[in-house]
Amino acid sequence: MTRFGGKSYWGFVTDQLRYKGPQVIREGKIAVHPWLSQHMFIFPRAVAPIVLQYISMRAFGYSWPFPVAFGIYAVAFFIFAGSMLRFFNHLGEKHGFLDGEVHRDEVPDARLAWTMGGLMFTNVARPLLGCFVAYDRYEVPHFNLWSPIHMFMFTVILDFWFYIYHRAMHEFDFLWRFHKTHHMTKHPNALLSAFADAEQDLFDLLLIPLITYLTYPLPFHLWWLTSLYILYVEIAGHTGLRLFMIPAVTGPLLQPLGMEIIVEDHDLHHRNGWRKSSNYGKQTRVWDVLFGTTRPRLEMVSENIDWNTRE
């Protein structure tokens, strides 16, 4: 069984669901988690199964059938998620958390098993969806100079569909009942992104990605790479890290337009939102800016950022 810091995976997950973070009020300016650092963490882990598949096809002439591909990419997703959680914990211990007077929330014991089930569903559903809709066992992995643009477009389109769905969940009574459990947490930690009812999990993990793929289809290996960058931003938004992080895929084009998303945006959505809220996007602020649903940032304003300190 995969081990994380001497614990089994599920022992590690249980600790994460109860992780509150240090109740330390950090003083001084906020450090930056730049694009290069994000790429250095995400890219090698994301391309590892792709390289393995490429070698299998080119060196041995073996094309992975669907069950083999799903199994290997699911394991890679599983390992990536665990490494990411440990990395975010490290950053939290070092840099602290937003609204530092308050501990990060933990899952109530009564919902622990349900939330762990949601995490298991995440580990299976996303690789399974990608393999089902996009995998071609005879396609040799490849990328080109247009790949970053396709990654950007896919992410912004996914965020459009997520914005529409997420805002509707807040504004319509018959949908809000499926979303309010997720908003019981005001100061989430990374794994509380999975603290939700089954209907929300279905939309978040399957329907929104599927609609996005049907709107803007990508080759499987580019879809896989894009999905792990999306996961990194999605989970970071629930960490509350006191660290200025603009997403590596969308940030270079959106930051000059004031449409970039940072950790504080989704943290404020949880902290101040309930039935009515703001900051509905989870990958960008494009649609919040265009539809007038942004909320002013409190801590991560320009004059409070130490642009010379990078993590």
# chains A, B, ... in the order shown; residues from 1 in each chain; ligands from 1

$ residues_around --residues "region 263-278 of chain A" --least-positions-apart "2" --cutoff "9 Å" --atoms "only C-alpha atoms" --output "number ranges by chain"
A: 98, 167, 169-171, 173, 176, 180, 182-188, 233, 236-246, 261, 280-282, 285, 288, 292-300

$ residues_around --residues "region 109-125 of chain A" --least-positions-apart "4" --cutoff "9 Å" --atoms "only C-alpha atoms" --output "VMD selection string"
chain A and resid 10 13 to 14 17 70 74 to 75 77 to 78 81 129 to 130 191 to 192 194 to 198 201 205 to 206

$ residues_around --residues "Ala46 (chain A)" --least-positions-apart "2" --cutoff "8 Å" --atoms "only C-alpha atoms" --output "mmCIF file with N, CA, C and O atoms, in the first residue's frame"
data_model
loop_
_atom_site.group_PDB
_atom_site.id
_atom_site.type_symbol
_atom_site.label_atom_id
_atom_site.label_comp_id
_atom_site.auth_asym_id
_atom_site.auth_seq_id
_atom_site.Cartn_x
_atom_site.Cartn_y
_atom_site.Cartn_z
ATOM 1 N N ILE A 42 4.071 20.365 -10.685
ATOM 2 C CA ILE A 42 3.014 19.667 -11.407
ATOM 3 C C ILE A 42 3.547 18.883 -12.602
ATOM 4 O O ILE A 42 3.217 17.695 -12.785
ATOM 5 N N PHE A 43 4.354 19.527 -13.432
ATOM 6 C CA PHE A 43 4.684 18.957 -14.737
ATOM 7 C C PHE A 43 5.378 17.598 -14.660
ATOM 8 O O PHE A 43 4.953 16.650 -15.356
ATOM 9 N N PRO A 44 6.424 17.428 -13.841
ATOM 10 C CA PRO A 44 7.070 16.099 -13.824
ATOM 11 C C PRO A 44 6.137 14.986 -13.379
ATOM 12 O O PRO A 44 6.192 13.871 -13.909
ATOM 13 N N ALA A 48 4.742 11.860 -16.028
ATOM 14 C CA ALA A 48 5.346 10.549 -15.751
ATOM 15 C C ALA A 48 4.590 9.399 -16.416
ATOM 16 O O ALA A 48 5.205 8.570 -17.107
ATOM 17 N N PRO A 49 3.247 9.278 -16.262
ATOM 18 C CA PRO A 49 2.563 8.162 -16.942
ATOM 19 C C PRO A 49 2.555 8.322 -18.454
ATOM 20 O O PRO A 49 2.526 7.324 -19.189
ATOM 21 N N ILE A 50 2.605 9.565 -18.946
ATOM 22 C CA ILE A 50 2.647 9.797 -20.391
ATOM 23 C C ILE A 50 3.968 9.283 -20.963
ATOM 24 O O ILE A 50 4.001 8.629 -22.019
ATOM 25 N N ALA A 76 -1.483 7.165 -10.982
ATOM 26 C CA ALA A 76 -0.745 8.423 -11.101
ATOM 27 C C ALA A 76 -1.530 9.578 -10.491
ATOM 28 O O ALA A 76 -0.957 10.460 -9.829
ATOM 29 N N PHE A 80 -0.284 11.770 -7.329
ATOM 30 C CA PHE A 80 -0.218 13.226 -7.481
ATOM 31 C C PHE A 80 -1.007 13.919 -6.386
ATOM 32 O O PHE A 80 -0.524 14.886 -5.768
ATOM 33 N N TRP A 224 -5.262 15.085 -19.927
ATOM 34 C CA TRP A 224 -4.694 14.627 -18.654
ATOM 35 C C TRP A 224 -3.816 15.707 -18.028
ATOM 36 O O TRP A 224 -3.952 16.027 -16.842
ATOM 37 N N LEU A 225 -2.928 16.277 -18.799
ATOM 38 C CA LEU A 225 -2.031 17.316 -18.294
ATOM 39 C C LEU A 225 -2.830 18.514 -17.797
ATOM 40 O O LEU A 225 -2.582 19.026 -16.697
ATOM 41 N N LEU A 228 -4.639 17.940 -14.340
ATOM 42 C CA LEU A 228 -3.851 18.003 -13.112
ATOM 43 C C LEU A 228 -3.515 19.447 -12.747
ATOM 44 O O LEU A 228 -3.457 19.791 -11.561
#

$ closest_residue --among "A:Phe291, A:Phe60, A:Phe172, A:Phe162" --to "Glu234 (chain A)" --atoms "only C-alpha atoms"
A:Phe162

$ residues_around --residues "His90 (chain A)" --least-positions-apart "5" --cutoff "12 Å" --atoms "only C-alpha atoms" --output "PyMOL selection string"
chain A and resi 21-22+83-85+95-97+239+241+243+311

$ write_last_selection --atoms "N, CA and C atoms" --output "PDB file, in the first residue's frame"
ATOM      1  N   GLY A  21      -4.399  23.175  10.751  1.00  0.00           N
ATOM      2  CA  GLY A  21      -3.359  24.153  10.466  1.00  0.00           C
ATOM      3  C   GLY A  21      -2.943  24.881  11.731  1.00  0.00           C
ATOM      4  N   PRO A  22      -1.768  25.481  11.709  1.00  0.00           N
ATOM      5  CA  PRO A  22      -1.299  26.202  12.890  1.00  0.00           C
ATOM      6  C   PRO A  22      -2.086  27.491  13.101  1.00  0.00           C
ATOM      7  N   SER A  83       0.795  13.685  -2.981  1.00  0.00           N
ATOM      8  CA  SER A  83       1.973  14.553  -2.948  1.00  0.00           C
ATOM      9  C   SER A  83       1.572  16.018  -2.846  1.00  0.00           C
ATOM     10  N   MET A  84       0.519  16.387  -3.539  1.00  0.00           N
ATOM     11  CA  MET A  84       0.046  17.768  -3.513  1.00  0.00           C
ATOM     12  C   MET A  84      -0.446  18.161  -2.122  1.00  0.00           C
ATOM     13  N   LEU A  85      -1.150  17.265  -1.463  1.00  0.00           N
ATOM     14  CA  LEU A  85      -1.645  17.566  -0.117  1.00  0.00           C
ATOM     15  C   LEU A  85      -0.503  17.774   0.859  1.00  0.00           C
ATOM     16  N   HIS A  95       4.094  29.293   5.862  1.00  0.00           N
ATOM     17  CA  HIS A  95       3.597  30.633   5.565  1.00  0.00           C
ATOM     18  C   HIS A  95       2.315  30.994   6.308  1.00  0.00           C
ATOM     19  N   GLY A  96       1.663  30.015   6.911  1.00  0.00           N
ATOM     20  CA  GLY A  96       0.432  30.305   7.631  1.00  0.00           C
ATOM     21  C   GLY A  96      -0.773  30.377   6.705  1.00  0.00           C
ATOM     22  N   PHE A  97      -1.876  30.835   7.281  1.00  0.00           N
ATOM     23  CA  PHE A  97      -3.148  30.817   6.577  1.00  0.00           C
ATOM     24  C   PHE A  97      -3.841  32.166   6.660  1.00  0.00           C
ATOM     25  N   THR A 239      -7.327  25.672   0.440  1.00  0.00           N
ATOM     26  CA  THR A 239      -6.311  25.575   1.490  1.00  0.00           C
ATOM     27  C   THR A 239      -6.278  26.778   2.405  1.00  0.00           C
ATOM     28  N   LEU A 241      -4.158  29.113   2.050  1.00  0.00           N
ATOM     29  CA  LEU A 241      -2.737  29.441   2.218  1.00  0.00           C
ATOM     30  C   LEU A 241      -2.495  30.941   2.129  1.00  0.00           C
ATOM     31  N   LEU A 243      -0.346  32.741   0.796  1.00  0.00           N
ATOM     32  CA  LEU A 243       0.686  32.683  -0.230  1.00  0.00           C
ATOM     33  C   LEU A 243       0.053  33.154  -1.535  1.00  0.00           C
ATOM     34  N   GLU A 311       8.426  31.215  -3.224  1.00  0.00           N
ATOM     35  CA  GLU A 311       8.402  29.883  -2.615  1.00  0.00           C
ATOM     36  C   GLU A 311       8.311  28.819  -3.687  1.00  0.00           C
TER      37      GLU A 311
END
